[in-house]
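Trainee: What follows is structure39.cif, made up of mmCIF, C-alpha atoms and all ligand atoms:
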```
data_entry
#
loop_
_atom_site.label_atom_id
_atom_site.label_comp_id
_atom_site.auth_asym_id
_atom_site.auth_seq_id
_atom_site.Cartn_x
_atom_site.Cartn_y
_atom_site.Cartn_z
CA MET B 30 21.33 48.74 -52.17
CA PRO B 31 23.27 45.88 -50.59
CA VAL B 32 25.02 46.51 -47.26
CA THR B 33 28.71 46.10 -47.99
CA THR B 34 31.58 45.67 -45.51
CA VAL B 35 35.25 45.18 -46.35
CA ILE B 36 37.35 43.17 -43.88
CA GLU B 37 41.11 43.58 -44.11
CA PRO B 38 42.88 41.01 -41.93
CA ARG B 39 46.62 40.29 -41.79
CA TRP B 40 45.97 36.84 -43.32
CA VAL B 41 43.03 35.25 -45.11
CA ILE B 42 42.99 31.47 -44.75
CA PRO B 43 40.18 30.44 -47.08
CA VAL B 44 40.54 26.58 -46.73
CA ILE B 45 39.75 26.39 -50.48
CA PRO B 46 42.19 26.25 -52.25
CA LYS B 47 43.74 23.67 -49.94
CA ALA B 48 46.41 25.07 -47.59
CA ALA B 49 46.26 28.58 -49.13
CA VAL B 50 47.34 31.57 -47.02
CA LEU B 51 46.66 35.00 -48.53
CA THR B 52 48.30 38.22 -47.37
CA ASP B 53 47.37 41.78 -48.37
CA HIS B 54 43.89 40.54 -49.21
CA ALA B 55 40.40 41.69 -48.28
CA VAL B 56 37.15 39.81 -47.83
CA VAL B 57 34.02 41.64 -48.93
CA ILE B 58 30.66 40.90 -47.30
CA GLU B 59 27.55 41.96 -49.19
CA ASP B 60 24.43 41.50 -47.08
CA ALA B 61 24.67 37.96 -45.73
CA ARG B 62 27.15 36.48 -48.18
CA ILE B 63 30.81 36.68 -49.20
CA ALA B 64 30.95 38.84 -52.33
CA ALA B 65 34.68 38.79 -53.06
CA VAL B 66 38.12 37.75 -51.87
CA LEU B 67 40.61 40.04 -53.58
CA PRO B 68 43.87 41.99 -53.15
CA ALA B 69 43.34 44.81 -50.63
CA ALA B 70 44.46 47.40 -53.21
CA ASP B 71 41.75 46.21 -55.62
CA ALA B 72 39.16 46.32 -52.84
CA LEU B 73 39.94 50.01 -52.33
CA VAL B 74 39.24 50.68 -56.01
CA ARG B 75 36.14 48.50 -56.30
CA TYR B 76 34.55 49.39 -52.95
CA PRO B 77 35.85 52.91 -52.19
CA ASP B 78 32.90 53.93 -49.99
CA ALA B 79 32.31 50.69 -48.08
CA PRO B 80 33.00 50.62 -44.34
CA ARG B 81 36.29 48.90 -43.53
CA ILE B 82 37.19 46.67 -40.62
CA THR B 83 40.96 46.40 -40.26
CA LEU B 84 42.30 43.41 -38.34
CA PRO B 85 46.07 44.00 -38.41
CA GLY B 86 47.11 41.02 -36.24
CA GLN B 87 44.36 38.57 -37.17
CA ALA B 88 43.90 35.58 -39.40
CA LEU B 89 40.43 35.38 -40.94
CA ILE B 90 39.20 31.78 -41.25
CA PRO B 91 35.84 30.22 -42.13
CA GLY B 92 33.57 29.97 -39.09
CA LEU B 93 34.21 26.66 -37.31
CA VAL B 94 31.63 23.88 -37.69
CA ASN B 95 30.97 21.80 -34.56
CA LEU B 96 29.80 18.53 -36.11
CA HIS B 97 28.42 16.91 -32.96
CA THR B 98 26.72 18.55 -29.98
CA HIS B 99 24.01 18.08 -27.40
CA ALA B 100 24.04 21.81 -26.74
CA ALA B 101 21.47 21.90 -23.93
CA MET B 102 23.66 19.58 -21.84
CA SER B 103 25.91 22.55 -21.09
CA LEU B 104 23.67 22.83 -18.02
CA MET B 105 25.18 19.48 -16.89
CA ARG B 106 28.82 20.48 -17.34
CA GLY B 107 30.86 18.76 -14.64
CA MET B 108 27.79 17.07 -13.10
CA ALA B 109 29.15 13.51 -13.53
CA ASP B 110 32.81 13.17 -14.51
CA ASP B 111 35.28 10.30 -14.62
CA LEU B 112 32.84 7.53 -15.60
CA GLY B 113 32.52 5.10 -18.52
CA LEU B 114 29.83 5.73 -21.13
CA MET B 115 27.14 3.29 -19.97
CA ASP B 116 27.58 4.04 -16.23
CA TRP B 117 27.58 7.76 -17.07
CA LEU B 118 24.43 7.50 -19.22
CA GLN B 119 22.39 4.96 -17.24
CA ASN B 120 23.18 6.07 -13.68
CA HIS B 121 23.67 9.81 -14.07
CA ILE B 122 22.64 11.50 -17.33
CA TRP B 123 19.42 9.64 -18.19
CA PRO B 124 17.98 9.84 -14.64
CA ALA B 125 18.76 13.58 -14.49
CA GLU B 126 17.23 14.14 -17.93
CA SER B 127 14.07 12.24 -16.97
CA ARG B 128 13.63 14.63 -14.02
CA ILE B 129 14.44 17.94 -15.62
CA VAL B 130 14.40 18.11 -19.42
CA SER B 131 11.78 20.53 -20.71
CA ASP B 132 11.35 23.14 -23.40
CA ASP B 133 12.75 25.83 -21.05
CA PHE B 134 15.72 23.69 -20.00
CA VAL B 135 16.69 23.04 -23.63
CA HIS B 136 16.29 26.68 -24.59
CA ASP B 137 18.44 27.97 -21.72
CA GLY B 138 21.09 25.27 -22.09
CA THR B 139 21.35 25.71 -25.84
CA LEU B 140 21.64 29.49 -25.50
CA LEU B 141 24.46 29.03 -22.97
CA ALA B 142 26.18 26.70 -25.43
CA CYS B 143 25.69 29.17 -28.30
CA ALA B 144 27.36 31.91 -26.26
CA GLU B 145 30.34 29.67 -25.50
CA MET B 146 30.62 28.48 -29.10
CA LEU B 147 30.34 31.95 -30.68
CA ARG B 148 33.08 33.26 -28.40
CA SER B 149 35.14 30.22 -29.46
CA GLY B 150 34.80 30.98 -33.18
CA VAL B 151 32.13 28.35 -33.91
CA THR B 152 29.41 29.58 -36.27
CA CYS B 153 27.51 26.33 -36.95
CA PHE B 154 26.66 23.30 -34.80
CA ASN B 155 25.05 19.96 -35.51
CA ASP B 156 22.78 19.20 -32.57
CA MET B 157 20.99 16.13 -31.24
CA TYR B 158 18.66 16.56 -28.29
CA PHE B 159 15.09 16.53 -27.00
CA PHE B 160 12.85 19.56 -27.74
CA PRO B 161 14.67 20.67 -30.93
CA GLU B 162 12.14 23.49 -31.30
CA ALA B 163 13.59 25.06 -28.14
CA ALA B 164 17.12 24.61 -29.52
CA ALA B 165 16.01 26.29 -32.75
CA ARG B 166 14.68 29.29 -30.80
CA ALA B 167 17.97 29.59 -28.92
CA ALA B 168 20.09 29.33 -32.08
CA LEU B 169 18.02 31.99 -33.81
CA ARG B 170 18.20 34.24 -30.76
CA ALA B 171 21.99 33.86 -30.69
CA GLY B 172 22.19 34.30 -34.47
CA MET B 173 24.01 30.99 -34.94
CA ARG B 174 23.69 28.49 -37.75
CA ALA B 175 22.42 25.11 -36.57
CA ALA B 176 21.62 21.71 -38.01
CA LEU B 177 18.89 20.40 -35.73
CA GLY B 178 18.41 16.73 -35.04
CA ILE B 179 15.06 15.08 -35.70
CA ILE B 180 15.86 12.85 -32.75
CA ALA B 181 14.58 9.29 -32.40
CA VAL B 182 14.93 6.84 -29.51
CA GLU B 183 12.65 4.03 -28.37
CA PHE B 184 12.11 5.32 -24.82
CA ARG B 185 9.55 7.82 -23.60
CA SER B 186 10.67 11.30 -22.50
CA ALA B 187 8.98 14.55 -21.59
CA TYR B 188 9.29 15.42 -25.30
CA ALA B 189 7.81 12.35 -26.99
CA ALA B 190 6.11 9.02 -26.25
CA ASP B 191 7.75 6.63 -28.70
CA ALA B 192 10.00 6.55 -31.75
CA GLN B 193 7.21 7.41 -34.18
CA ASP B 194 6.17 10.35 -32.00
CA TYR B 195 9.75 11.69 -31.99
CA LEU B 196 9.92 11.45 -35.79
CA THR B 197 6.48 12.98 -36.36
CA LYS B 198 7.28 15.95 -34.10
CA GLY B 199 10.74 16.50 -35.62
CA ILE B 200 9.52 16.38 -39.19
CA ALA B 201 6.68 18.79 -38.39
CA LEU B 202 9.26 21.19 -36.91
CA ARG B 203 11.40 20.91 -40.02
CA ASP B 204 8.36 21.77 -42.17
CA THR B 205 7.65 24.83 -40.00
CA LEU B 206 11.23 26.14 -40.05
CA ARG B 207 12.35 25.15 -43.54
CA ASP B 208 12.64 28.78 -44.73
CA GLU B 209 14.99 29.88 -41.90
CA SER B 210 18.32 30.43 -43.65
CA LEU B 211 20.27 29.73 -40.42
CA LEU B 212 18.64 26.35 -39.83
CA SER B 213 18.86 22.93 -41.44
CA PHE B 214 17.86 19.47 -40.22
CA CYS B 215 19.26 15.96 -39.86
CA LEU B 216 17.47 12.77 -38.93
CA ALA B 217 19.07 11.85 -35.60
CA PRO B 218 18.53 8.28 -34.40
CA HIS B 219 20.44 8.32 -31.10
CA ALA B 220 22.50 5.11 -31.41
CA PRO B 221 22.25 1.46 -32.52
CA PHE B 222 21.60 0.41 -28.92
CA THR B 223 18.62 2.76 -28.41
CA VAL B 224 16.88 2.42 -31.80
CA SER B 225 15.06 -0.62 -33.22
CA ASP B 226 15.34 -2.13 -36.70
CA ALA B 227 11.80 -0.98 -37.52
CA THR B 228 12.62 2.63 -36.60
CA PHE B 229 15.89 2.52 -38.57
CA SER B 230 14.01 1.27 -41.64
CA GLN B 231 11.53 4.13 -41.28
CA ILE B 232 14.42 6.62 -40.97
CA ALA B 233 16.09 5.25 -44.11
CA ILE B 234 12.85 5.96 -46.02
CA TYR B 235 12.55 9.50 -44.59
CA ALA B 236 16.22 10.22 -45.37
CA GLY B 237 15.62 9.37 -49.02
CA GLU B 238 12.27 11.13 -49.34
CA LEU B 239 13.29 14.32 -47.51
CA ASP B 240 16.94 14.33 -48.63
CA LEU B 241 18.23 14.70 -45.06
CA PRO B 242 21.55 13.59 -43.52
CA VAL B 243 21.44 10.94 -40.77
CA HIS B 244 23.31 11.89 -37.58
CA ILE B 245 24.02 8.91 -35.28
CA HIS B 246 26.43 7.79 -32.55
CA LEU B 247 28.19 4.77 -34.08
CA HIS B 248 30.91 2.40 -32.85
CA GLU B 249 31.68 4.59 -29.85
CA THR B 250 32.63 1.84 -27.36
CA ALA B 251 33.81 -1.77 -27.44
CA GLN B 252 30.73 -2.72 -25.40
CA GLU B 253 28.43 -1.32 -28.11
CA ILE B 254 30.01 -3.77 -30.57
CA SER B 255 29.83 -6.81 -28.27
CA ASP B 256 26.23 -6.03 -27.23
CA SER B 257 25.25 -5.76 -30.90
CA LEU B 258 26.91 -9.10 -31.69
CA ALA B 259 24.93 -10.67 -28.83
CA ALA B 260 21.59 -9.05 -29.70
CA HIS B 261 21.72 -8.96 -33.51
CA GLY B 262 24.50 -11.35 -34.48
CA MET B 263 26.34 -8.56 -36.26
CA ARG B 264 28.31 -5.38 -35.63
CA PRO B 265 26.36 -2.09 -35.64
CA ILE B 266 27.70 -0.81 -38.98
CA GLU B 267 26.79 -4.10 -40.67
CA ARG B 268 23.31 -3.80 -39.20
CA LEU B 269 22.91 -0.24 -40.50
CA GLU B 270 24.12 -1.31 -43.94
CA LYS B 271 21.51 -4.07 -44.05
CA LEU B 272 18.83 -1.57 -43.01
CA GLY B 273 19.82 0.83 -45.82
CA LEU B 274 21.29 3.60 -43.66
CA LEU B 275 24.78 3.84 -45.16
CA GLY B 276 25.18 6.57 -47.77
CA PRO B 277 26.70 10.02 -48.41
CA GLY B 278 24.34 11.56 -45.84
CA LEU B 279 25.44 9.35 -42.94
CA ILE B 280 27.32 11.18 -40.18
CA ALA B 281 28.87 8.47 -38.01
CA VAL B 282 29.68 10.12 -34.70
CA HIS B 283 32.82 8.79 -32.95
CA GLY B 284 33.75 5.81 -35.16
CA VAL B 285 36.25 4.74 -32.49
CA HIS B 286 36.06 0.97 -32.94
CA LEU B 287 36.37 0.36 -36.69
CA ASN B 288 38.15 -2.48 -38.44
CA ASP B 289 39.70 -2.08 -41.89
CA ALA B 290 36.67 -3.56 -43.64
CA GLU B 291 34.38 -1.07 -41.88
CA ILE B 292 36.63 1.86 -42.83
CA GLY B 293 36.36 0.62 -46.43
CA LEU B 294 32.59 0.39 -46.12
CA LEU B 295 32.31 3.98 -44.86
CA ALA B 296 34.55 5.14 -47.71
CA ARG B 297 32.61 3.24 -50.39
CA HIS B 298 29.29 4.68 -49.22
CA GLY B 299 30.68 8.24 -48.98
CA CYS B 300 29.85 8.47 -45.24
CA SER B 301 31.35 11.09 -42.92
CA VAL B 302 32.82 10.64 -39.45
CA ALA B 303 32.28 13.22 -36.70
CA HIS B 304 35.51 12.78 -34.76
CA CYS B 305 35.15 13.81 -31.10
CA PRO B 306 38.59 13.12 -29.61
CA SER B 307 38.19 14.84 -26.21
CA SER B 308 34.90 13.13 -25.42
CA ASN B 309 36.31 9.74 -26.47
CA LEU B 310 39.32 10.25 -24.21
CA LYS B 311 37.35 11.48 -21.21
CA LEU B 312 34.86 8.60 -21.33
CA GLY B 313 37.71 6.14 -21.86
CA SER B 314 36.10 4.94 -25.11
CA GLY B 315 39.29 4.77 -27.16
CA ILE B 316 40.85 6.62 -30.08
CA ALA B 317 39.36 6.75 -33.59
CA PRO B 318 41.60 5.42 -36.41
CA VAL B 319 41.90 8.80 -38.13
CA ALA B 320 44.99 7.89 -40.19
CA GLY B 321 43.13 4.95 -41.75
CA LEU B 322 39.99 6.99 -42.35
CA LEU B 323 41.95 9.77 -44.06
CA GLN B 324 43.88 7.28 -46.16
CA ALA B 325 40.63 5.65 -47.27
CA GLY B 326 39.22 9.07 -48.22
CA VAL B 327 36.48 9.22 -45.58
CA ASN B 328 35.33 12.79 -44.93
CA ILE B 329 36.11 13.83 -41.33
CA GLY B 330 34.61 16.68 -39.33
CA LEU B 331 35.26 17.55 -35.70
CA GLY B 332 32.80 17.65 -32.82
CA THR B 333 32.95 18.44 -29.16
CA ASP B 334 30.06 16.22 -28.04
CA SER B 335 28.26 17.70 -25.02
CA ALA B 336 29.72 19.83 -22.27
CA ALA B 337 28.77 16.96 -19.93
CA SER B 338 31.37 14.68 -21.54
CA ASN B 339 34.05 17.06 -22.84
CA ASN B 340 33.69 19.57 -20.86
CA ARG B 341 34.33 22.47 -23.25
CA LEU B 342 32.73 23.34 -26.58
CA ASP B 343 36.06 24.33 -28.04
CA LEU B 344 37.10 23.30 -31.55
CA PHE B 345 40.61 24.72 -31.09
CA THR B 346 41.16 22.02 -28.47
CA GLU B 347 39.63 19.41 -30.79
CA MET B 348 41.83 20.44 -33.76
CA ARG B 349 45.00 20.17 -31.70
CA THR B 350 43.96 16.94 -29.97
CA ALA B 351 42.85 15.34 -33.25
CA ALA B 352 46.14 16.18 -34.96
CA LEU B 353 48.27 14.97 -32.02
CA LEU B 354 46.32 11.75 -31.45
CA ALA B 355 46.36 10.83 -35.15
CA LYS B 356 50.16 11.13 -35.16
CA GLY B 357 50.65 9.43 -31.79
CA ILE B 358 48.53 6.40 -32.43
CA SER B 359 49.68 5.83 -36.02
CA GLY B 360 53.37 6.50 -35.29
CA ASP B 361 53.41 8.80 -38.32
CA PRO B 362 53.96 12.52 -37.59
CA CYS B 363 52.92 13.41 -41.14
CA VAL B 364 49.31 12.30 -40.55
CA MET B 365 46.79 15.13 -40.22
CA PRO B 366 49.02 18.17 -40.78
CA ALA B 367 47.76 21.50 -39.44
CA HIS B 368 45.94 22.57 -42.60
CA ARG B 369 44.15 19.21 -42.66
CA ALA B 370 42.98 19.68 -39.06
CA LEU B 371 41.65 23.14 -39.94
CA GLU B 372 39.88 21.69 -42.98
CA ALA B 373 38.20 19.06 -40.76
CA ALA B 374 36.99 21.80 -38.38
CA THR B 375 35.46 23.81 -41.23
CA LEU B 376 34.85 22.29 -44.68
CA GLY B 377 34.76 18.71 -43.35
CA GLY B 378 31.83 19.55 -41.10
CA ALA B 379 30.10 21.49 -43.88
CA ARG B 380 30.45 18.52 -46.26
CA ALA B 381 29.02 16.10 -43.72
CA LEU B 382 25.96 18.31 -43.36
CA GLY B 383 25.54 18.66 -47.13
CA LEU B 384 26.28 22.40 -46.74
CA GLN B 385 29.61 22.47 -48.61
CA ASP B 386 28.21 24.91 -51.19
CA GLN B 387 26.99 27.24 -48.41
CA ILE B 388 29.65 27.30 -45.68
CA GLY B 389 33.04 25.83 -44.72
CA SER B 390 35.39 28.04 -46.76
CA ILE B 391 35.89 31.73 -47.55
CA THR B 392 34.52 31.53 -51.07
CA PRO B 393 32.42 34.12 -52.94
CA GLY B 394 28.76 33.13 -52.91
CA LYS B 395 28.88 31.31 -49.58
CA TRP B 396 27.30 32.66 -46.39
CA ALA B 397 29.61 35.14 -44.65
CA ASP B 398 30.36 32.91 -41.64
CA LEU B 399 33.78 34.15 -40.56
CA THR B 400 36.07 34.01 -37.54
CA ALA B 401 39.02 36.30 -36.81
CA VAL B 402 41.82 34.99 -34.59
CA ASN B 403 44.47 37.28 -33.12
CA LEU B 404 47.86 35.73 -33.87
CA SER B 405 49.90 38.67 -32.59
CA ALA B 406 49.80 37.64 -28.92
CA THR B 407 53.15 37.09 -27.19
CA GLU B 408 52.51 33.37 -26.73
CA LEU B 409 51.96 33.06 -30.50
CA SER B 410 55.15 34.83 -31.60
CA PRO B 411 56.90 34.64 -33.98
CA CYS B 412 54.75 33.61 -36.92
CA TYR B 413 56.33 31.37 -39.55
CA ASP B 414 53.02 29.84 -40.58
CA PRO B 415 49.64 31.14 -39.37
CA VAL B 416 47.96 27.73 -39.86
CA SER B 417 50.55 26.12 -37.59
CA LEU B 418 49.78 28.77 -34.95
CA LEU B 419 46.01 28.24 -35.31
CA VAL B 420 46.16 24.49 -34.76
CA TYR B 421 49.14 23.94 -32.46
CA ALA B 422 49.51 27.13 -30.43
CA ALA B 423 46.39 29.31 -30.47
CA GLY B 424 43.25 28.80 -28.39
CA ARG B 425 39.71 30.07 -28.37
CA GLU B 426 40.84 32.94 -26.14
CA HIS B 427 42.47 34.41 -29.26
CA VAL B 428 39.15 34.69 -31.16
CA THR B 429 38.31 38.38 -31.52
CA ASP B 430 35.52 38.74 -34.11
CA VAL B 431 32.83 36.44 -35.46
CA TRP B 432 30.24 36.92 -38.22
CA VAL B 433 27.35 34.57 -39.01
CA GLY B 434 25.48 35.16 -42.26
CA GLY B 435 27.13 38.58 -42.54
CA ARG B 436 25.98 39.73 -39.08
CA GLN B 437 28.74 40.42 -36.58
CA ARG B 438 28.04 38.50 -33.37
CA VAL B 439 31.39 38.89 -31.56
CA SER B 440 33.58 42.02 -31.56
CA GLY B 441 36.82 42.36 -29.62
CA GLY B 442 36.04 39.03 -27.94
CA VAL B 443 32.70 40.31 -26.62
CA LEU B 444 29.26 38.92 -27.51
CA LEU B 445 27.25 41.70 -29.13
CA ASP B 446 23.74 40.29 -28.68
CA LEU B 447 23.77 38.09 -25.57
CA ASP B 448 23.92 39.08 -21.89
CA GLU B 449 26.46 36.78 -20.26
CA ASN B 450 25.35 37.65 -16.70
CA ALA B 451 21.79 36.63 -17.54
CA LEU B 452 23.05 33.36 -19.07
CA ALA B 453 25.06 32.56 -15.94
CA ALA B 454 22.04 33.30 -13.72
CA ARG B 455 19.88 30.88 -15.73
CA ALA B 456 22.64 28.24 -15.59
CA ASN B 457 22.71 28.51 -11.79
CA HIS B 458 18.92 28.32 -11.65
CA TRP B 459 19.02 24.93 -13.42
CA LYS B 460 22.00 23.72 -11.39
CA ASN B 461 20.05 24.38 -8.19
CA LYS B 462 17.11 22.38 -9.58
CA LEU B 463 19.38 19.45 -10.50
CA HIS B 464 21.45 19.56 -7.32
CA PRO B 465 19.61 21.53 -4.59
CA SER B 466 22.22 22.59 -2.03
ZN ZN A 1 27.05 12.55 -28.42
#
```
As a first step, turn the structure in this file into structure tokens.

Mentor:
Amino acid sequence: MPVTTVIEPRWVIPVIPKAAVLTDHAVVIEDARIAAVLPAADALVRYPDAPRITLPGQALIPGLVNLHTHAAMSLMRGMADDLGLMDWLQNHIWPAESRIVSDDFVHDGTLLACAEMLRSGVTCFNDMYFFPEAAARAALRAGMRAALGIIAVEFRSAYAADAQDYLTKGIALRDTLRDESLLSFCLAPHAPFTVSDATFSQIAIYAGELDLPVHIHLHETAQEISDSLAAHGMRPIERLEKLGLLGPGLIAVHGVHLNDAEIGLLARHGCSVAHCPSSNLKLGSGIAPVAGLLQAGVNIGLGTDSAASNNRLDLFTEMRTAALLAKGISGDPCVMPAHRALEAATLGGARALGLQDQIGSITPGKWADLTAVNLSATELSPCYDPVSLLVYAAGREHVTDVWVGGRQRVSGGVLLDLDENALAARANHWKNKLHPS
């Protein structure tokens, strides 16, 4: 017998159909998947004996998809602020990582990030970091869905010796974990400035053979473009096109510095952009041309980037910031309306990961990855349009309940399976190792 639960929220915002808002509806979970979305009166008739969860002030939305993270770096939150990307990486982050990154560090940091993300309504994250096996253990322990990066860079780390070693280890991990329903994999070459042509060519072959998305930082800073012109005589996107990397599986993280021809190229190849507005602002990298990308039909998801460059793993902040920046920089207040921002934070991320048939909307047959947001708080009153409240007024503090694959992980704003005191103690343990006081 399947385990059936009926959820009766004030609003169901399924994301498909576009901009739909359902009232007096129920969502039925059967085991791990969504079995039905139907009028609440019909749910009473069809599922008279099923347990009911009534959420009288809440909107039920698809679980949020964080399309770009380095989850373990939560242990470096606030360690080096107010710096440009290359100074931040070369003089602070990379030296710290070379001293401290290990299997244990990645496990503890990723678990801390999972706790923050679950409480913020995120049910799936797309990660890129060393020791992905440790990140996988943490995601499974937290009960979160994760796309793990088969990371590749040219430099040695505690995890791997060279680019081929990174790829061999990542692909072996993917073979070991391929039956875990919560996990999927992306090839994750770090960036054009840390990966060679030979490694990119190898990754293009693996992407085709293994049918995996390619998750890469791309056109993040103006310096990345000028360095590429000096070293390769072409801009990074042109280089990736020549090496066979552009295609529907490409997740271009940031895409801040794009000209019109490059936006057209991304659209023609069916690529996705992981838009990370807070990280781009904090590192002073610039603002992605979201209006142009949307107009060209490029799929957009939202990411936080790491807690070392954001410094919060909060997609409510990213939705609001993305919508406001797109309007501000284009001079067109109609760009990225609220429902479009919510779509980017859910279905857009799912599409980029090739998981659009599994997650990203409240649709029968998909995994029951669901987030309930309390819209009855004083600061959210009155309600003319729940999607407007979600994007422009609500925050992650209004998330009350979260399910991943039908299992409830957050209830009444409280994590059901993780001990937050223990997580904080481990975070302090690593802080003391990084910065002994
Ligand atoms: Zn990043």

Trainee: From the set B:Leu399, B:Ile245, B:Met105, B:Ala374, which residue has the shortest atom-to-atom contact distance to ligand ZN 1 (chain A), counting only C-alpha atoms and all ligand atoms?

Mentor: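 The shortest atom-to-atom distance to ligand ZN 1 (chain A) comes from B:Ile245.
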
Trainee: Taking only C-alpha atoms and all ligand atoms into account, which residues have an atom no farther than 10 Å from ligand ZN 1 (chain A)? I'd like them as a ChimeraX atom specification.

Mentor: /B:97-100,156-158,219-220,244-247,249,282-283,303,305,308-309,332-338

Trainee: Using only C-alpha atoms, find the one residue out of B:His261, B:Arg297, B:Arg148, B:Arg207 that sits nearest to Asp430 (chain B).

Mentor: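 Nearest candidate to Asp430 (chain B) out of B:His261, B:Arg297, B:Arg148, B:Arg207: B:Arg148.
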
Trainee: Quick check, in Å to one decimal: how far apart do CA of Tyr235 (chain B) and CA of Val130 (chain B) lie?

Mentor: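 CA of Val130 (chain B) lies at a distance of 26.7 Å from CA of Tyr235 (chain B).
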
Trainee: Nearest residue to Ala379 (chain B) out of B:Gly92, B:Gly435, B:Pro80, B:Gly321, using only C-alpha atoms?

Mentor: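 Among the listed residues, the smallest separation from Ala379 (chain B) belongs to B:Gly92.
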
Trainee: Looking at only C-alpha atoms, which of B:Val243, B:Ala227, B:Ala125, B:Ala165 is the one that sits closest to Ser186 (chain B)?

Mentor: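 Under the stated criterion, the closest residue is B:Ala125.
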
Trainee: I'd like the contact shell of Ile232 (chain B) - 8 Å cut-off, all atoms listed in the file, skipping same-chain residues fewer than 3 positions apart - returned as a PyMOL selection string.

Mentor: chain B and resi 216+218+228-229+235-236+274

Trainee: Rounded to one decimal in Å, what is the spacing between CA of Met115 (chain B) and CA of His286 (chain B)?

Mentor: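 If I compute the distance from CA of Met115 (chain B) to CA of His286 (chain B), I get 15.9 Å.
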
Trainee: List the spatial neighbours of region 68-77 of chain B as a count of residues only - criterion: any atom at most 9 Å away, all atoms listed in the file, same-chain residues fewer than 5 positions off excluded.

Mentor: 11

Trainee: Just give me the gap between CA of Ser417 (chain B) and CA of Ser440 (chain B) in Å, one decimal is fine.

Mentor: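 These atoms are spaced 24.0 Å apart.
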
Trainee: Please return as a PyMOL selection string every residue within 12 Å of (35.6, 26.6, -44.2), taking into account all atoms listed in the file and the file's own coordinates.

Mentor: chain B and resi 41-49+89-95+150-153+330+368-380+384-393+395-400

Trainee: Restrict the selected residues to C-alpha atoms and save them as a short mmCIF file (atom, residue, chain, number, x, y, z; two decimals), in the coordinates of the input.

Mentor:
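The file below, result07.cif, is the result:
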```
data_model
loop_
_atom_site.label_atom_id
_atom_site.label_comp_id
_atom_site.auth_asym_id
_atom_site.auth_seq_id
_atom_site.Cartn_x
_atom_site.Cartn_y
_atom_site.Cartn_z
CA VAL B 41 43.03 35.25 -45.11
CA ILE B 42 42.99 31.47 -44.75
CA PRO B 43 40.18 30.44 -47.08
CA VAL B 44 40.54 26.58 -46.73
CA ILE B 45 39.75 26.39 -50.48
CA PRO B 46 42.19 26.25 -52.25
CA LYS B 47 43.74 23.67 -49.94
CA ALA B 48 46.41 25.07 -47.59
CA ALA B 49 46.26 28.58 -49.13
CA LEU B 89 40.43 35.38 -40.94
CA ILE B 90 39.20 31.78 -41.25
CA PRO B 91 35.84 30.22 -42.13
CA GLY B 92 33.57 29.97 -39.09
CA LEU B 93 34.21 26.66 -37.31
CA VAL B 94 31.63 23.88 -37.69
CA ASN B 95 30.97 21.80 -34.56
CA GLY B 150 34.80 30.98 -33.18
CA VAL B 151 32.13 28.35 -33.91
CA THR B 152 29.41 29.58 -36.27
CA CYS B 153 27.51 26.33 -36.95
CA GLY B 330 34.61 16.68 -39.33
CA HIS B 368 45.94 22.57 -42.60
CA ARG B 369 44.15 19.21 -42.66
CA ALA B 370 42.98 19.68 -39.06
CA LEU B 371 41.65 23.14 -39.94
CA GLU B 372 39.88 21.69 -42.98
CA ALA B 373 38.20 19.06 -40.76
CA ALA B 374 36.99 21.80 -38.38
CA THR B 375 35.46 23.81 -41.23
CA LEU B 376 34.85 22.29 -44.68
CA GLY B 377 34.76 18.71 -43.35
CA GLY B 378 31.83 19.55 -41.10
CA ALA B 379 30.10 21.49 -43.88
CA ARG B 380 30.45 18.52 -46.26
CA LEU B 384 26.28 22.40 -46.74
CA GLN B 385 29.61 22.47 -48.61
CA ASP B 386 28.21 24.91 -51.19
CA GLN B 387 26.99 27.24 -48.41
CA ILE B 388 29.65 27.30 -45.68
CA GLY B 389 33.04 25.83 -44.72
CA SER B 390 35.39 28.04 -46.76
CA ILE B 391 35.89 31.73 -47.55
CA THR B 392 34.52 31.53 -51.07
CA PRO B 393 32.42 34.12 -52.94
CA LYS B 395 28.88 31.31 -49.58
CA TRP B 396 27.30 32.66 -46.39
CA ALA B 397 29.61 35.14 -44.65
CA ASP B 398 30.36 32.91 -41.64
CA LEU B 399 33.78 34.15 -40.56
CA THR B 400 36.07 34.01 -37.54
#
```

Trainee: Near Leu287 (chain B), counting all atoms listed in the file, which residues have an atom at most 9 Å away, once you skip same-chain residues fewer than 2 positions from it, shown as a list in words?

Mentor: His248, Gly284, Val285, Asp289, Ala290, Glu291, Ile292, Ala317 and Pro318 of chain B

Trainee: Once you count only C-alpha atoms, which residues end up no further than 7 Å from (50.3, 42.1, -34.2) in the file's frame, shown as a PyMOL selection string?

Mentor: chain B and resi 85-86+404-406
